[in-house]
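Source file: protein_25.cif (mmCIF, C-alpha atoms)
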data_final
#
loop_
_atom_site.label_atom_id
_atom_site.label_comp_id
_atom_site.auth_asym_id
_atom_site.auth_seq_id
_atom_site.Cartn_x
_atom_site.Cartn_y
_atom_site.Cartn_z
CA MET R 1 118.87 180.57 -38.23
CA LYS R 2 118.00 184.00 -39.52
CA PHE R 3 118.78 184.89 -43.11
CA PRO R 4 121.04 187.97 -43.20
CA TYR R 5 119.96 191.15 -45.11
CA ARG R 6 116.37 189.92 -45.29
CA LYS R 7 114.96 193.44 -44.71
CA THR R 8 117.21 194.95 -47.37
CA ILE R 9 116.28 192.27 -49.86
CA ALA R 10 112.56 192.72 -49.12
CA CYS R 11 112.86 196.49 -49.64
CA LEU R 12 114.80 196.07 -52.88
CA THR R 13 112.23 193.56 -54.12
CA LEU R 14 109.43 196.02 -53.38
CA ILE R 15 111.26 198.82 -55.20
CA VAL R 16 111.94 196.62 -58.24
CA MET R 17 108.29 195.51 -58.31
CA ALA R 18 107.14 199.15 -58.05
CA VAL R 19 109.39 200.13 -60.97
CA ILE R 20 108.24 197.20 -63.11
CA PHE R 21 104.56 197.65 -62.32
CA HIS R 22 104.51 201.47 -62.03
CA GLN R 23 102.05 201.90 -64.89
CA PRO R 24 99.23 199.76 -63.48
CA LEU R 25 99.94 201.13 -59.99
CA LEU R 26 99.68 204.76 -61.10
CA ARG R 27 96.55 203.93 -63.08
CA VAL R 28 94.95 202.38 -59.98
CA VAL R 29 95.90 205.43 -57.89
CA ALA R 30 94.30 207.79 -60.46
CA ASN R 31 91.18 205.63 -60.58
CA VAL R 32 90.60 206.47 -56.92
CA LEU R 33 89.87 210.04 -58.06
CA ILE R 34 87.36 209.02 -60.71
CA VAL R 35 83.65 208.31 -60.55
CA ASP R 36 82.06 207.72 -63.94
CA GLU R 37 78.46 206.55 -63.70
CA PRO R 38 76.05 205.34 -66.38
CA THR R 39 73.77 208.22 -67.36
CA GLU R 40 71.23 206.53 -69.65
CA GLY R 41 67.85 208.20 -69.11
CA PHE R 42 69.27 211.06 -67.04
CA ASP R 43 68.04 213.69 -69.47
CA HIS R 44 68.89 216.92 -67.66
CA LEU R 45 72.47 218.15 -67.63
CA ALA R 46 74.45 220.28 -65.18
CA ILE R 47 78.06 221.16 -65.87
CA THR R 48 80.73 221.63 -63.20
CA GLY R 49 83.72 221.18 -65.49
CA GLY R 50 85.45 218.88 -67.92
CA ASP R 51 87.21 219.22 -71.22
CA HIS R 52 85.02 219.44 -74.37
CA ARG R 53 82.00 219.76 -72.02
CA HIS R 54 79.97 221.99 -74.34
CA ALA R 55 80.70 219.88 -77.43
CA ILE R 56 79.72 216.67 -75.61
CA ALA R 57 76.54 218.38 -74.31
CA GLY R 58 75.72 219.37 -77.90
CA GLU R 59 76.24 215.78 -79.12
CA LEU R 60 73.98 214.39 -76.39
CA PHE R 61 71.30 217.01 -77.10
CA ARG R 62 71.35 216.33 -80.84
CA GLY R 63 71.16 212.60 -80.12
CA GLY R 64 68.08 213.17 -77.93
CA LYS R 65 69.86 211.95 -74.80
CA ILE R 66 69.44 215.20 -72.91
CA GLN R 67 66.46 217.54 -73.02
CA ARG R 68 67.61 220.46 -70.90
CA VAL R 69 70.80 222.04 -69.59
CA LEU R 70 70.83 223.62 -66.12
CA MET R 71 73.14 226.57 -65.68
CA PHE R 72 74.19 228.05 -62.39
CA GLU R 73 74.97 231.68 -61.73
CA GLY R 74 78.72 232.06 -61.25
CA GLN R 75 80.72 234.18 -58.87
CA LYS R 76 80.79 237.92 -59.53
CA LYS R 77 84.51 238.34 -59.95
CA ARG R 78 86.60 241.43 -60.60
CA LEU R 79 87.33 240.48 -64.22
CA ILE R 80 83.57 240.36 -64.85
CA GLU R 81 82.95 243.67 -63.07
CA TYR R 82 85.53 245.31 -65.32
CA GLY R 83 83.94 243.81 -68.44
CA ILE R 84 87.14 241.89 -69.22
CA LEU R 85 85.32 238.56 -69.19
CA PRO R 86 81.59 237.87 -69.53
CA PRO R 87 79.91 236.03 -66.64
CA PRO R 88 80.63 232.26 -66.80
CA ASN R 89 76.98 231.37 -67.42
CA GLU R 90 76.96 233.78 -70.38
CA ILE R 91 80.11 232.12 -71.77
CA ALA R 92 78.50 228.70 -71.29
CA ARG R 93 75.24 229.78 -72.91
CA ARG R 94 77.08 231.03 -76.02
CA GLN R 95 79.08 227.82 -76.27
CA LEU R 96 75.99 225.64 -75.84
CA GLU R 97 74.09 227.61 -78.47
CA LYS R 98 77.07 227.21 -80.80
CA GLU R 99 76.72 223.46 -80.25
CA GLY R 100 73.07 223.55 -81.30
CA ILE R 101 71.36 223.73 -77.92
CA PRO R 102 68.64 226.41 -78.21
CA ALA R 103 68.19 229.08 -75.52
CA ASP R 104 64.80 227.65 -74.52
CA ALA R 105 66.47 224.35 -73.58
CA ILE R 106 68.76 226.10 -71.12
CA SER R 107 67.56 227.01 -67.60
CA LEU R 108 69.44 229.43 -65.37
CA ILE R 109 69.31 228.55 -61.69
CA GLY R 110 69.80 231.70 -59.63
CA GLY R 111 71.99 232.38 -56.63
CA GLU R 112 75.73 232.96 -56.71
CA THR R 113 77.65 229.68 -57.00
CA GLN R 114 81.26 229.92 -55.84
CA SER R 115 82.06 226.33 -54.98
CA THR R 116 81.06 222.71 -55.57
CA TRP R 117 79.24 222.86 -52.22
CA GLN R 118 77.11 225.80 -53.34
CA PHE R 119 76.49 224.09 -56.68
CA ALA R 120 75.20 221.03 -54.80
CA GLU R 121 72.98 223.21 -52.60
CA ARG R 122 71.44 224.99 -55.60
CA LEU R 123 70.92 221.66 -57.36
CA ASP R 124 69.32 220.20 -54.22
CA SER R 125 66.85 223.11 -53.94
CA TRP R 126 65.96 222.77 -57.60
CA LEU R 127 65.53 218.97 -57.39
CA ARG R 128 63.08 219.40 -54.50
CA THR R 129 60.79 221.26 -56.89
CA GLN R 130 61.25 218.71 -59.70
CA LYS R 131 60.18 215.38 -58.29
CA THR R 132 60.91 213.14 -61.29
CA VAL R 133 63.81 214.80 -63.08
CA GLN R 134 67.12 212.94 -63.34
CA VAL R 135 70.33 214.89 -63.82
CA THR R 136 73.71 214.07 -65.34
CA VAL R 137 76.54 216.16 -63.90
CA PHE R 138 79.63 216.68 -66.07
CA ALA R 139 82.82 216.90 -64.06
CA ASP R 140 86.52 217.09 -64.73
CA ARG R 141 87.71 213.47 -64.69
CA PHE R 142 90.12 213.78 -61.75
CA ARG R 143 87.61 215.88 -59.77
CA SER R 144 84.68 213.55 -60.33
CA ARG R 145 84.92 211.62 -57.05
CA ASP R 146 85.09 214.89 -55.17
CA VAL R 147 81.96 216.11 -56.98
CA ARG R 148 80.18 212.83 -56.15
CA ARG R 149 81.19 213.10 -52.49
CA VAL R 150 79.95 216.68 -52.24
CA LEU R 151 76.66 215.75 -53.92
CA ASP R 152 76.17 212.79 -51.57
CA ALA R 153 76.96 214.97 -48.56
CA THR R 154 74.60 217.75 -49.60
CA LEU R 155 71.66 216.20 -51.43
CA SER R 156 68.91 214.24 -49.67
CA ALA R 157 69.19 210.49 -50.29
CA GLY R 158 66.29 210.60 -52.77
CA SER R 159 67.79 213.51 -54.70
CA ALA R 160 71.30 212.04 -54.70
CA ALA R 161 69.98 208.91 -56.40
CA ARG R 162 68.56 211.10 -59.18
CA VAL R 163 71.98 212.56 -59.98
CA ARG R 164 74.76 210.75 -61.83
CA VAL R 165 78.30 212.00 -62.42
CA ARG R 166 80.02 211.64 -65.75
CA ALA R 167 83.80 212.11 -65.69
CA LEU R 168 85.10 213.86 -68.80
CA PRO R 169 88.72 213.18 -69.72
CA ASP R 170 91.15 215.97 -70.49
CA ARG R 171 92.46 216.01 -74.06
CA ARG R 172 96.06 216.13 -72.77
CA TYR R 173 96.05 213.26 -70.27
CA ASP R 174 93.90 210.70 -68.49
CA GLU R 175 94.32 208.00 -65.85
CA THR R 176 96.46 205.88 -68.20
CA ASN R 177 99.18 208.45 -68.78
CA TRP R 178 98.87 211.36 -66.31
CA TRP R 179 102.41 210.86 -64.95
CA ARG R 180 103.96 211.52 -68.37
CA SER R 181 103.13 215.25 -68.48
CA ARG R 182 103.57 218.14 -66.07
CA ARG R 183 99.94 219.17 -66.55
CA GLY R 184 98.76 215.66 -65.77
CA MET R 185 100.86 215.46 -62.62
CA LYS R 186 99.70 218.89 -61.49
CA SER R 187 96.07 218.01 -62.08
CA PHE R 188 96.45 214.67 -60.28
CA GLY R 189 98.23 216.35 -57.36
CA ASN R 190 95.63 219.11 -57.00
CA ALA R 191 92.70 216.70 -57.24
CA SER R 192 94.30 214.36 -54.67
CA MET R 193 94.88 217.23 -52.26
CA VAL R 194 91.28 218.44 -52.59
CA LEU R 195 89.95 214.93 -51.98
CA LEU R 196 92.25 214.38 -49.01
CA TYR R 197 91.27 217.75 -47.56
CA ARG R 198 87.58 216.87 -47.88
CA TRP R 199 88.09 213.47 -46.26
CA ILE R 200 89.81 215.10 -43.31
CA ASN R 201 87.83 218.32 -42.94
CA GLY R 202 84.48 217.76 -44.65
CA ARG R 203 82.82 221.00 -45.64
CA PRO R 204 85.04 224.02 -44.95
CA GLU R 205 83.56 227.00 -43.16
CA SER R 206 83.67 229.82 -45.67
CA THR R 207 84.95 232.83 -43.77
CA PHE R 208 87.04 234.44 -46.47
CA THR R 209 85.94 237.68 -48.07
CA ASP R 210 88.21 239.32 -50.59
CA THR R 211 88.56 242.88 -49.37
CA TRP R 212 91.53 243.82 -51.54
CA ASP R 213 90.65 246.82 -53.69
CA PRO R 214 92.88 247.89 -56.61
CA ASP R 215 91.73 251.53 -56.33
CA VAL R 216 92.62 251.73 -52.64
CA TYR R 217 95.97 250.03 -53.32
CA GLN R 218 96.78 252.43 -56.16
CA ALA R 219 95.85 255.46 -54.02
CA GLN R 220 98.16 254.17 -51.23
CA LEU R 221 101.02 253.72 -53.72
CA ALA R 222 100.45 257.18 -55.22
CA ALA R 223 100.49 258.74 -51.73
CA GLN R 224 103.68 256.85 -50.90
CA ARG R 225 105.31 257.94 -54.16
CA ALA R 226 104.32 261.57 -53.57
CA THR R 227 106.10 261.62 -50.19
CA GLU R 228 109.33 260.11 -51.58
CA PRO R 229 112.19 262.54 -52.30
CA MET Z 1 113.78 192.27 -25.29
CA ARG Z 2 113.54 194.68 -22.36
CA HIS Z 3 115.84 197.04 -24.18
CA LYS Z 4 113.54 196.99 -27.25
CA THR Z 5 110.44 197.64 -25.12
CA ARG Z 6 112.10 200.57 -23.39
CA TYR Z 7 113.16 201.96 -26.78
CA ALA Z 8 109.60 201.66 -28.17
CA ILE Z 9 108.11 203.39 -25.11
CA THR Z 10 110.63 206.24 -25.42
CA VAL Z 11 109.86 206.71 -29.13
CA ILE Z 12 106.08 206.69 -28.53
CA ALA Z 13 106.40 209.14 -25.63
CA ALA Z 14 108.62 211.48 -27.66
CA ALA Z 15 106.24 211.34 -30.66
CA THR Z 16 103.22 212.00 -28.42
CA LEU Z 17 104.99 214.92 -26.76
CA MET Z 18 106.06 216.40 -30.08
CA GLY Z 19 102.59 215.87 -31.59
CA SER Z 20 100.96 217.58 -28.61
CA ALA Z 21 103.40 220.49 -28.78
CA LEU Z 22 102.78 220.91 -32.52
CA TYR Z 23 99.01 220.75 -32.02
CA ALA Z 24 99.12 223.27 -29.16
CA GLY Z 25 101.39 225.60 -31.13
CA HIS Z 26 99.74 225.28 -34.55
CA PRO Z 27 97.92 228.66 -34.41
CA GLN Z 28 101.35 230.33 -34.11
CA LEU Z 29 103.33 227.85 -36.19
CA LEU Z 30 101.18 227.68 -39.33
CA PRO Z 31 101.08 231.47 -40.00
CA CYS Z 32 104.88 231.47 -39.51
CA LEU Z 33 105.21 228.84 -42.22
CA ALA Z 34 103.05 230.94 -44.56
CA GLY Z 35 105.12 234.00 -43.63
CA TRP Z 36 108.30 232.12 -44.54
CA LEU Z 37 106.97 231.61 -48.07
CA ASP Z 38 106.33 235.32 -48.51
CA ILE Z 39 109.54 237.18 -49.34
CA GLY Z 40 107.80 240.16 -50.96
CA THR Z 41 109.02 243.66 -50.13
CA ALA Z 42 107.58 247.18 -50.35
CA PRO Z 43 107.55 248.47 -53.94
CA GLN Z 44 110.66 250.31 -55.15
CA PRO Z 45 110.94 252.32 -58.40
CA VAL Z 46 111.79 249.94 -61.28
CA ASP Z 47 111.88 249.98 -65.06
CA TYR Z 48 109.48 247.08 -65.58
CA VAL Z 49 106.87 245.21 -63.61
CA LEU Z 50 105.97 241.63 -64.45
CA ALA Z 51 102.78 240.08 -63.07
CA LEU Z 52 103.35 236.33 -63.28
CA PRO Z 53 100.57 234.39 -65.06
CA GLY Z 54 97.86 233.06 -62.74
CA ASP Z 55 95.37 234.81 -60.44
CA ALA Z 56 94.31 237.41 -62.99
CA GLU Z 57 91.87 238.73 -60.36
CA ARG Z 58 94.72 240.38 -58.45
CA ARG Z 59 98.23 240.16 -59.93
CA PRO Z 60 97.78 242.31 -63.10
CA PHE Z 61 95.60 244.78 -61.15
CA MET Z 62 98.45 245.21 -58.69
CA ALA Z 63 101.04 245.57 -61.46
CA ALA Z 64 98.84 248.17 -63.18
CA ALA Z 65 98.68 250.13 -59.91
CA LEU Z 66 102.50 250.09 -59.74
CA VAL Z 67 102.70 251.56 -63.26
CA ASN Z 68 99.98 254.13 -62.62
CA ALA Z 69 101.53 255.24 -59.34
CA GLY Z 70 104.91 255.74 -61.01
CA PHE Z 71 106.72 252.81 -59.38
CA ALA Z 72 107.22 251.06 -62.72
CA LYS Z 73 107.76 252.57 -66.15
CA ARG Z 74 106.34 249.66 -68.13
CA ALA Z 75 104.51 246.39 -67.66
CA ILE Z 76 105.71 243.08 -69.04
CA ILE Z 77 103.33 240.26 -69.97
CA VAL Z 78 104.57 236.71 -70.61
CA ARG Z 79 102.65 234.72 -73.20
CA ASN Z 80 101.87 231.28 -71.90
CA GLU Z 81 100.73 227.90 -73.11
CA ILE Z 82 97.15 227.77 -74.35
CA SER Z 83 94.73 225.84 -72.12
CA PRO Z 84 91.99 223.62 -73.62
CA ASP Z 85 89.33 226.28 -72.91
CA GLU Z 86 91.50 228.91 -74.59
CA GLU Z 87 92.13 226.58 -77.53
CA ASP Z 88 88.37 226.14 -77.97
CA GLY Z 89 87.79 229.91 -77.80
CA ILE Z 90 85.75 229.63 -74.58
CA VAL Z 91 87.96 232.18 -72.80
CA PRO Z 92 90.71 234.46 -74.13
CA PRO Z 93 94.36 233.48 -73.50
CA SER Z 94 95.54 234.55 -70.05
CA TRP Z 95 98.14 236.97 -71.49
CA ALA Z 96 95.31 238.70 -73.40
CA ILE Z 97 93.27 238.92 -70.18
CA ALA Z 98 96.26 240.52 -68.43
CA LYS Z 99 96.60 243.04 -71.26
CA ARG Z 100 92.89 243.90 -71.00
CA VAL Z 101 93.33 244.45 -67.26
CA TYR Z 102 96.20 246.90 -67.86
CA LEU Z 103 94.19 248.79 -70.47
CA ALA Z 104 91.06 248.81 -68.27
CA ARG Z 105 93.13 250.22 -65.40
CA GLY Z 106 94.42 253.03 -67.60
CA VAL Z 107 97.91 251.78 -68.48
CA PRO Z 108 98.65 253.11 -72.00
CA GLU Z 109 99.25 250.44 -74.66
CA GLU Z 110 102.76 251.75 -75.39
CA LYS Z 111 103.74 250.92 -71.80
CA ILE Z 112 102.79 247.25 -72.20
CA VAL Z 113 105.44 244.82 -73.45
CA VAL Z 114 104.26 241.34 -74.46
CA LEU Z 115 107.05 238.75 -74.48
CA GLY Z 116 106.80 235.74 -76.78
CA GLY Z 117 107.05 232.10 -75.85
CA GLN Z 118 104.74 229.38 -74.62
CA SER Z 119 105.42 229.49 -70.93
CA ASN Z 120 103.73 226.72 -68.93
CA SER Z 121 105.46 226.96 -65.55
CA THR Z 122 107.22 229.36 -63.21
CA LEU Z 123 110.52 228.02 -64.57
CA ALA Z 124 109.48 228.80 -68.15
CA ASP Z 125 108.26 232.29 -67.10
CA MET Z 126 111.65 232.92 -65.56
CA GLU Z 127 113.48 231.71 -68.66
CA VAL Z 128 111.53 234.23 -70.74
CA LEU Z 129 112.37 236.95 -68.21
CA THR Z 130 116.06 235.95 -68.13
CA ASP Z 131 116.19 236.25 -71.90
CA PHE Z 132 114.56 239.68 -71.70
CA LEU Z 133 117.01 240.83 -69.02
CA SER Z 134 119.98 239.72 -71.11
CA LYS Z 135 118.79 242.14 -73.81
CA HIS Z 136 118.17 244.91 -71.26
CA PRO Z 137 121.29 244.71 -69.09
CA HIS Z 138 120.45 247.67 -66.86
CA ALA Z 139 116.73 247.08 -66.41
CA ARG Z 140 115.34 246.58 -62.92
CA VAL Z 141 112.22 244.47 -62.65
CA ALA Z 142 109.56 244.04 -59.97
CA ILE Z 143 107.80 240.69 -60.06
CA VAL Z 144 104.24 240.59 -58.77
CA THR Z 145 102.96 237.20 -57.70
CA SER Z 146 100.82 235.71 -54.94
CA ALA Z 147 102.45 235.99 -51.52
CA PHE Z 148 102.86 232.23 -51.02
CA HIS Z 149 104.47 231.92 -54.46
CA THR Z 150 107.16 234.59 -54.05
CA ARG Z 151 109.84 232.42 -52.43
CA ARG Z 152 109.55 229.71 -55.08
CA ALA Z 153 109.61 232.33 -57.86
CA ARG Z 154 112.75 233.93 -56.37
CA TRP Z 155 114.46 230.56 -55.95
CA THR Z 156 113.65 229.61 -59.56
CA LEU Z 157 114.90 232.92 -60.94
CA SER Z 158 118.04 233.02 -58.77
CA ARG Z 159 119.17 229.73 -60.33
CA ARG Z 160 119.10 231.48 -63.71
CA LEU Z 161 120.28 234.97 -62.80
CA GLY Z 162 122.82 234.45 -60.02
CA ASN Z 163 124.38 237.81 -59.14
CA GLU Z 164 121.97 239.65 -61.41
CA MET Z 165 119.23 239.03 -58.82
CA LYS Z 166 119.96 242.45 -57.35
CA ARG Z 167 118.02 243.86 -60.32
CA ILE Z 168 114.91 241.97 -59.23
CA SER Z 169 112.43 242.71 -56.47
CA PHE Z 170 109.26 240.86 -55.49
CA VAL Z 171 105.92 242.41 -54.59
CA SER Z 172 103.39 240.10 -52.96
CA SER Z 173 99.80 240.13 -54.11
CA PRO Z 174 97.12 238.81 -51.74
CA ASN Z 175 96.78 235.02 -51.79
CA PRO Z 176 93.73 233.94 -53.75
CA GLY Z 177 90.86 232.75 -51.59
CA PHE Z 178 92.51 232.66 -48.17
CA ARG Z 179 94.44 234.71 -45.65
CA ALA Z 180 97.99 233.70 -44.73
CA GLU Z 181 97.06 233.81 -41.02
CA GLU Z 182 94.51 231.01 -41.39
CA TRP Z 183 95.43 228.99 -44.48
#

How does the structure come out when it is put into structure tokens?
Amino acid sequence: MKFPYRKTIACLTLIVMAVIFHQPLLRVVANVLIVDEPTEGFDHLAITGGDHRHAIAGELFRGGKIQRVLMFEGQKKRLIEYGILPPPNEIARRQLEKEGIPADAISLIGGETQSTWQFAERLDSWLRTQKTVQVTVFADRFRSRDVRRVLDATLSAGSAARVRVRALPDRRYDETNWWRSRRGMKSFGNASMVLLYRWINGRPESTFTDTWDPDVYQAQLAAQRATEP
Amino acid sequence: MRHKTRYAITVIAAATLMGSALYAGHPQLLPCLAGWLDIGTAPQPVDYVLALPGDAERRPFMAAALVNAGFAKRAIIVRNEISPDEEDGIVPPSWAIAKRVYLARGVPEEKIVVLGGQSNSTLADMEVLTDFLSKHPHARVAIVTSAFHTRRARWTLSRRLGNEMKRISFVSSPNPGFRAEEW
């Protein structure tokens, strides 16, 4: 004899369990996004992101745990062209110097770096010339698995083993409480989408070139305005 | 049992057919979806232009062009919540970046209105704007935001403004990093 409502009861039980155990469940889900590896002895540092990244770099440098910081040339964006913001590597250099890392301990690796993929390519080229160096990569906590995946997909096996990812937590949320704030949810959602996209598509073909020009747009508007009654 | 098998086969066949149709039609369907999100219109003369926070590479440049070309008399900037990098002084606050863009593009300082608050979402931006509009009952405002964000921005504002939405227009700025035809 079949028990009536067994599907309904099973569904309700699942829902009740999910409500009761939502905290550990959400923590487990966030942990999927995180790769945080031991970095003892990895005395070169490259920064892709992460909260308090310059301050933590300064602490590690002062404690003798890192010897050199590698900086990558950023994208030449419109705000930089207009002098509204300094280039990102200039901003980083100032912050690192403020944290006690001298200019001669900072190396700039050339070539425009617009994405994590390009960062990995530049790092790979550099590692091929430095046969024994080991590098710690700072990453935003929820983006760290994505960074690790891109590094593994781009670097040769030997080079990939010489790079470790350290996941820096955001001051406003982490994997234990991200669902309590809008920022945390947004960050979790964005990072999950990026990871999912990479799993499905791998490396995207970069075909986009920003051709929008504010001067051309303004001239078009002015011409349009001049012809209006 | 036979009924159940027939039902399962029908469902699988329908799903396969629909999946194939969607796959075959995706080059036409996906740009349509992106187009649905974009409700921006051609610029009309307004009293104020507001570039929503975000994508400072395009939105404030576009709003500045609207002021310079005579489509808007003044530009509004909404102050927003400070990010960790802004808090640490690594980068200036985004409202300050927007103001620098306007000045760099030749918009005089007296034409820039900075609204207070600690906006941290489209909803909060719209609350600040609603408050401003209540103090300027005849002002018409053009909102500049990324094309794919215009529908959500309009929906959020319409919940606050209701009939007053006729004072608002939306101008789409290019989406950052991708074209709508191939998102």

Show which residues sit within 12 Å of Gly58 of chain R, as a compact mmCIF listing (two decimals) with C-alpha atoms, keeping the file's coordinate frame. Count only C-alpha atoms, and ignore same-chain residues fewer than 6 positions away.
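Saved the output as out.txt:
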# COMPACT_ATOMS: atom_id res chain seq x y z
CA LEU R 45 72.47 218.15 -67.63
CA HIS R 52 85.02 219.44 -74.37
CA GLY R 64 68.08 213.17 -77.93
CA LYS R 65 69.86 211.95 -74.80
CA ILE R 66 69.44 215.20 -72.91
CA GLN R 67 66.46 217.54 -73.02
CA ARG R 68 67.61 220.46 -70.90
CA VAL R 69 70.80 222.04 -69.59
CA ALA R 92 78.50 228.70 -71.29
CA ARG R 93 75.24 229.78 -72.91
CA ARG R 94 77.08 231.03 -76.02
CA GLN R 95 79.08 227.82 -76.27
CA LEU R 96 75.99 225.64 -75.84
CA GLU R 97 74.09 227.61 -78.47
CA LYS R 98 77.07 227.21 -80.80
CA GLU R 99 76.72 223.46 -80.25
CA GLY R 100 73.07 223.55 -81.30
CA ILE R 101 71.36 223.73 -77.92
CA PRO R 102 68.64 226.41 -78.21
CA ALA R 105 66.47 224.35 -73.58
CA ILE R 106 68.76 226.10 -71.12

(message) What would the selection look like, as a list in words, if the PyMOL selection byres ((chain R and resi 121-125) around 9) were run on the coordinates I just shared?
(response)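 Evaluating the PyMOL selection byres ((chain R and resi 121-125) around 9) on these coordinates yields Ala46, Leu70, Phe72, Ile109, Gly110, Gly111, Thr113, Thr116, Trp117, Gln118, Phe119, Ala120, Trp126, Leu127, Arg128, Thr129, Leu151, Thr154, Leu155, Ser156, Ser159 and Ala160 of chain R.
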
(message) Evaluate the PyMOL selection byres ((chain Z) within 12 of (chain R)) against this structure - the residues, as an MDAnalysis selection string, please.
(response) chainID Z and resid 42:45 55:72 81:94 96:106 120:121 173:183

(request) Write out as an MDAnalysis selection string which residues come within 12 Å of Ile168 of chain Z when counting only C-alpha atoms, dropping same-chain ones fewer than 2 positions away. (result) chainID Z and resid 40:41 43:50 126 129:130 133 138:144 150 153:155 157:158 161:166 170:171

Keeping only C-alpha atoms, write the selected residues to a file as a PDB file, keeping the file's coordinate frame.
ATOM      1  CA  GLY Z  40     107.800 240.160 -50.960  1.00  0.00           C
ATOM      2  CA  THR Z  41     109.020 243.660 -50.130  1.00  0.00           C
ATOM      3  CA  PRO Z  43     107.550 248.470 -53.940  1.00  0.00           C
ATOM      4  CA  GLN Z  44     110.660 250.310 -55.150  1.00  0.00           C
ATOM      5  CA  PRO Z  45     110.940 252.320 -58.400  1.00  0.00           C
ATOM      6  CA  VAL Z  46     111.790 249.940 -61.280  1.00  0.00           C
ATOM      7  CA  ASP Z  47     111.880 249.980 -65.060  1.00  0.00           C
ATOM      8  CA  TYR Z  48     109.480 247.080 -65.580  1.00  0.00           C
ATOM      9  CA  VAL Z  49     106.870 245.210 -63.610  1.00  0.00           C
ATOM     10  CA  LEU Z  50     105.970 241.630 -64.450  1.00  0.00           C
ATOM     11  CA  MET Z 126     111.650 232.920 -65.560  1.00  0.00           C
ATOM     12  CA  LEU Z 129     112.370 236.950 -68.210  1.00  0.00           C
ATOM     13  CA  THR Z 130     116.060 235.950 -68.130  1.00  0.00           C
ATOM     14  CA  LEU Z 133     117.010 240.830 -69.020  1.00  0.00           C
ATOM     15  CA  HIS Z 138     120.450 247.670 -66.860  1.00  0.00           C
ATOM     16  CA  ALA Z 139     116.730 247.080 -66.410  1.00  0.00           C
ATOM     17  CA  ARG Z 140     115.340 246.580 -62.920  1.00  0.00           C
ATOM     18  CA  VAL Z 141     112.220 244.470 -62.650  1.00  0.00           C
ATOM     19  CA  ALA Z 142     109.560 244.040 -59.970  1.00  0.00           C
ATOM     20  CA  ILE Z 143     107.800 240.690 -60.060  1.00  0.00           C
ATOM     21  CA  VAL Z 144     104.240 240.590 -58.770  1.00  0.00           C
ATOM     22  CA  THR Z 150     107.160 234.590 -54.050  1.00  0.00           C
ATOM     23  CA  ALA Z 153     109.610 232.330 -57.860  1.00  0.00           C
ATOM     24  CA  ARG Z 154     112.750 233.930 -56.370  1.00  0.00           C
ATOM     25  CA  TRP Z 155     114.460 230.560 -55.950  1.00  0.00           C
ATOM     26  CA  LEU Z 157     114.900 232.920 -60.940  1.00  0.00           C
ATOM     27  CA  SER Z 158     118.040 233.020 -58.770  1.00  0.00           C
ATOM     28  CA  LEU Z 161     120.280 234.970 -62.800  1.00  0.00           C
ATOM     29  CA  GLY Z 162     122.820 234.450 -60.020  1.00  0.00           C
ATOM     30  CA  ASN Z 163     124.380 237.810 -59.140  1.00  0.00           C
ATOM     31  CA  GLU Z 164     121.970 239.650 -61.410  1.00  0.00           C
ATOM     32  CA  MET Z 165     119.230 239.030 -58.820  1.00  0.00           C
ATOM     33  CA  LYS Z 166     119.960 242.450 -57.350  1.00  0.00           C
ATOM     34  CA  PHE Z 170     109.260 240.860 -55.490  1.00  0.00           C
ATOM     35  CA  VAL Z 171     105.920 242.410 -54.590  1.00  0.00           C
TER      36      VAL Z 171
END

Find the smallest box with edges along x, y and z containing every listed atom of segment 54-61 of chain R, then add 5 Å on each side and report centre and edge lengths in Å to one decimal, as lines of an AutoDock Vina configuration file.
center_x = 76.0
center_y = 218.2
center_z = -76.7
size_x = 19.4
size_y = 17.6
size_z = 14.8

(request) Quote the spacing between atom CA of Pro204 of chain R and atom CA of Val147 of chain R in Å to one decimal place. (result) 14.7 Å

(request) Could you check how far atom CA of Thr156 of chain Z sits from atom CA of Asn177 of chain R, in Å to one decimal? (result)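 It comes out at 27.2 Å.
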
(message) Restricting the calculation to only C-alpha atoms: of R:Val135, R:Met185, R:Ala30, R:Ala57, which residue gets closest to Arg162 of chain R?
(response) R:Val135

(request) Determine, counting all atoms listed in the file, which protein, DNA and RNA residues have an atom within 12 Å of an atom of Leu25 of chain R; residues of the same chain fewer than 6 positions away are not included. Present the result as a list in words. (result) Met17, Ala18, Val19, Asn31, Val32, Glu175, Thr176, Asn177 and Trp179 of chain R

I need the residues from that last selection saved to file as a compact mmCIF listing (two decimals), in the coordinates of the input (with C-alpha atoms), if you can.
# COMPACT_ATOMS: atom_id res chain seq x y z
CA MET R 17 108.29 195.51 -58.31
CA ALA R 18 107.14 199.15 -58.05
CA VAL R 19 109.39 200.13 -60.97
CA ASN R 31 91.18 205.63 -60.58
CA VAL R 32 90.60 206.47 -56.92
CA GLU R 175 94.32 208.00 -65.85
CA THR R 176 96.46 205.88 -68.20
CA ASN R 177 99.18 208.45 -68.78
CA TRP R 179 102.41 210.86 -64.95

(request) Work out how far apart atom CA of Ser107 of chain R and atom CA of His44 of chain R are and give it in Å to one decimal. (result)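 Going from atom CA of Ser107 of chain R over to atom CA of His44 of chain R, I get 10.2 Å.
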
(request) Rank nothing, just name the residue among R:Asp140, R:Glu228, R:Glu90, R:Asp174 nearest to Val35 of chain R, using all atoms listed in the file. (result) R:Asp140
